[in-house]
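Beneath this line is the structure, given in structure tokens, with notes to follow.
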Amino acid sequence: MQNSTVPPKGSSSAESPSPTFSPLYRQIKSLLLQRLESGEWQPGAAIPSESELATRFGVSQGTVRKAIDELAAENLLLRRQGKGTFVASHDDPRASFRFLRLVPLAGGNEQAQSIPLECWRAKAGPEVARMLELNIGDPINIVRRLLQFSGKPVVVDEIYLPGSTFGTLTLEMLRDFQGSLYSLFENRFGTRMIRAEERLRAVPADRSTAELLGVAEGSPLLSVERVSFSYGDKPVEWRRGLYSTNDHCYFNEIGWCREKIVKLNRFVL
């Protein structure tokens with residue numbers, strides 16, 4: 001496998017710009033990502049050993065290890081001491097890739113309960129189409145749900161999903177599934193959330209949201225707008241959440257502390 005392309009002698013870089021250099025391990029990483037995206041290795045399943053992959057791709061074991069290290073750092077793969085390397089899954093409570101950063105002000109951990117309120121089909125308007133890279137009028141699914149902590153309502157979510165992927169999603173399915181929302185998407189629809197972009201701002205509670213969260217109309221809420229992406233940087237969810245911060249705060253840690261992140265983020269997504 002080549003890790004760079006050398007232009008022929010006498011050629012001018014102005015006439016024929018050289019391709020962008022890509023280190024060999026990055027090329028192997030790209031090949032591994034293709035396998036993940038194609039579903040060759042399912043979430044939770046073990047991938048071949050480093051020596052097997054090195055033989056398959058015709059590179060050194062160290063090159064494969066470096067590629068896997070990057071994918072593990074990005075929470076796409078999960079190393080288990082003495083067992084091998086596995087595809088990260090939303091089913092695995094030990095996986096560090098979690099999306100909900102809400103913690104109680106009093107400290108400790110709380111298990112969230114997801115209460116689906118509505119699920120209906122609609123057509124994408126201009127804003128949804130832009131966020132999910134759809135055409136205006138394309139089918140979408142919309143989900144409204146409530147998150148409770150210790151029996152107290154804390155978050156109201158409105159979630160927009162492409163109908164081409166989630167068209168069979170129903171309120172009954174949401175209510176019956178035992179697990180997180182992202183686990184449902186992964187297991188029933190073959191769609192895994194890889195990363196997300198969020199925007200936070202303060203907003204006043206409207207009447208409907210105030211009633212659901214048990215706060216006064218006009219109370220300050222934290223608005224968290226998120227776009228989640230699957231493999232290939234494909235946007236597959238646009239979510240707008242309104243958070244009551246009377247007893248909770250949005251927590252994020254800059255830097256890497258795997259043990260702490262795992263502990264703080266065992267929530268229903």
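Letters A, B, ... go to the chains of the structure tokens in the order shown; residues in each chain start at 1; ligands are counted from 1 in the same order.
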
Quiz prompt | Who sits within 10 Å of A:Val59, only C-alpha atoms, same chain under 3 positions skipped, as a list in words | solution = Met1, Leu24, Tyr25, Ile28, Ser51, Leu53, Ala54, Thr55, Arg56, Gly62, Thr63 and Val64 of chain A

Exercise. Would you return as a PyMOL selection string the members of stretch 51-235 of chain A that DSSP assigns to strand (DSSP E or B) on this structure's backbone?
Key: chain A and resi 77-80+84-87+102-104+112-123+139-149+152-162+195-204+220-230+234-235

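The protein and nucleic acid residues lying at most 9 Å from stretch 241-248 of chain A are Leu102, Val103, Pro104, Leu105, Ala106, Pro153, Val154, Val155, Val156, Asp157, Glu158, Ile159, Val203, Ala205, Thr209, Leu213, Val215, Ser219, Pro220, Leu221, Leu222, Ser223, Val224, Glu225 and Arg226 of chain A, with only C-alpha atoms considered and sequence neighbours fewer than 5 positions away removed.
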
Determine, counting only C-alpha atoms, which protein, DNA and RNA residues have an atom within 10 Å of an atom of A:Leu71; residues of the same chain fewer than 6 positions away are not included. Present the result as a PDB file with N, CA and C atoms, in the first residue's frame.
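Final output, saved to result.pdb:
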```pdb
ATOM      1  N   LYS A  29      -6.747   3.273   8.854  1.00  0.00           N
ATOM      2  CA  LYS A  29      -7.898   3.741   9.634  1.00  0.00           C
ATOM      3  C   LYS A  29      -9.107   3.940   8.727  1.00  0.00           C
ATOM      4  N   SER A  30      -8.884   4.517   7.565  1.00  0.00           N
ATOM      5  CA  SER A  30      -9.973   4.728   6.611  1.00  0.00           C
ATOM      6  C   SER A  30     -10.580   3.401   6.163  1.00  0.00           C
ATOM      7  N   LEU A  32     -10.583   0.608   7.898  1.00  0.00           N
ATOM      8  CA  LEU A  32     -11.327   0.069   9.036  1.00  0.00           C
ATOM      9  C   LEU A  32     -12.682   0.759   9.171  1.00  0.00           C
ATOM     10  N   LEU A  33     -12.695   2.067   8.951  1.00  0.00           N
ATOM     11  CA  LEU A  33     -13.959   2.808   9.004  1.00  0.00           C
ATOM     12  C   LEU A  33     -14.932   2.310   7.939  1.00  0.00           C
ATOM     13  N   ARG A  65      -1.963  -1.116  14.709  1.00  0.00           N
ATOM     14  CA  ARG A  65      -2.198  -0.722  16.096  1.00  0.00           C
ATOM     15  C   ARG A  65      -2.417   0.786  16.209  1.00  0.00           C
ATOM     16  N   LEU A  77     -14.036   2.166  18.595  1.00  0.00           N
ATOM     17  CA  LEU A  77     -13.626   0.825  18.995  1.00  0.00           C
ATOM     18  C   LEU A  77     -13.337   0.827  20.491  1.00  0.00           C
ATOM     19  N   LEU A  78     -13.421  -0.335  21.079  1.00  0.00           N
ATOM     20  CA  LEU A  78     -13.228  -0.459  22.524  1.00  0.00           C
ATOM     21  C   LEU A  78     -12.265  -1.606  22.793  1.00  0.00           C
ATOM     22  N   VAL A  87     -16.181  -3.491  18.529  1.00  0.00           N
ATOM     23  CA  VAL A  87     -16.886  -2.323  18.005  1.00  0.00           C
ATOM     24  C   VAL A  87     -17.700  -1.716  19.149  1.00  0.00           C
ATOM     25  N   ALA A  88     -17.518  -0.437  19.381  1.00  0.00           N
ATOM     26  CA  ALA A  88     -18.250   0.226  20.463  1.00  0.00           C
ATOM     27  C   ALA A  88     -19.746   0.172  20.190  1.00  0.00           C
TER      28      ALA A  88
END
```

Quiz prompt | Residues of stretch 142-256 of chain A in helix (DSSP H, G or I), written as a VMD selection string | solution = chain A and resid 163 to 166 171 to 176 181 to 189 207 to 213 231 to 233

Quiz prompt | Minimum-distance residue to A:Gly179, chosen among A:Leu31, A:Leu36, A:Leu76, A:Ala112 (using only C-alpha atoms) | solution = A:Ala112
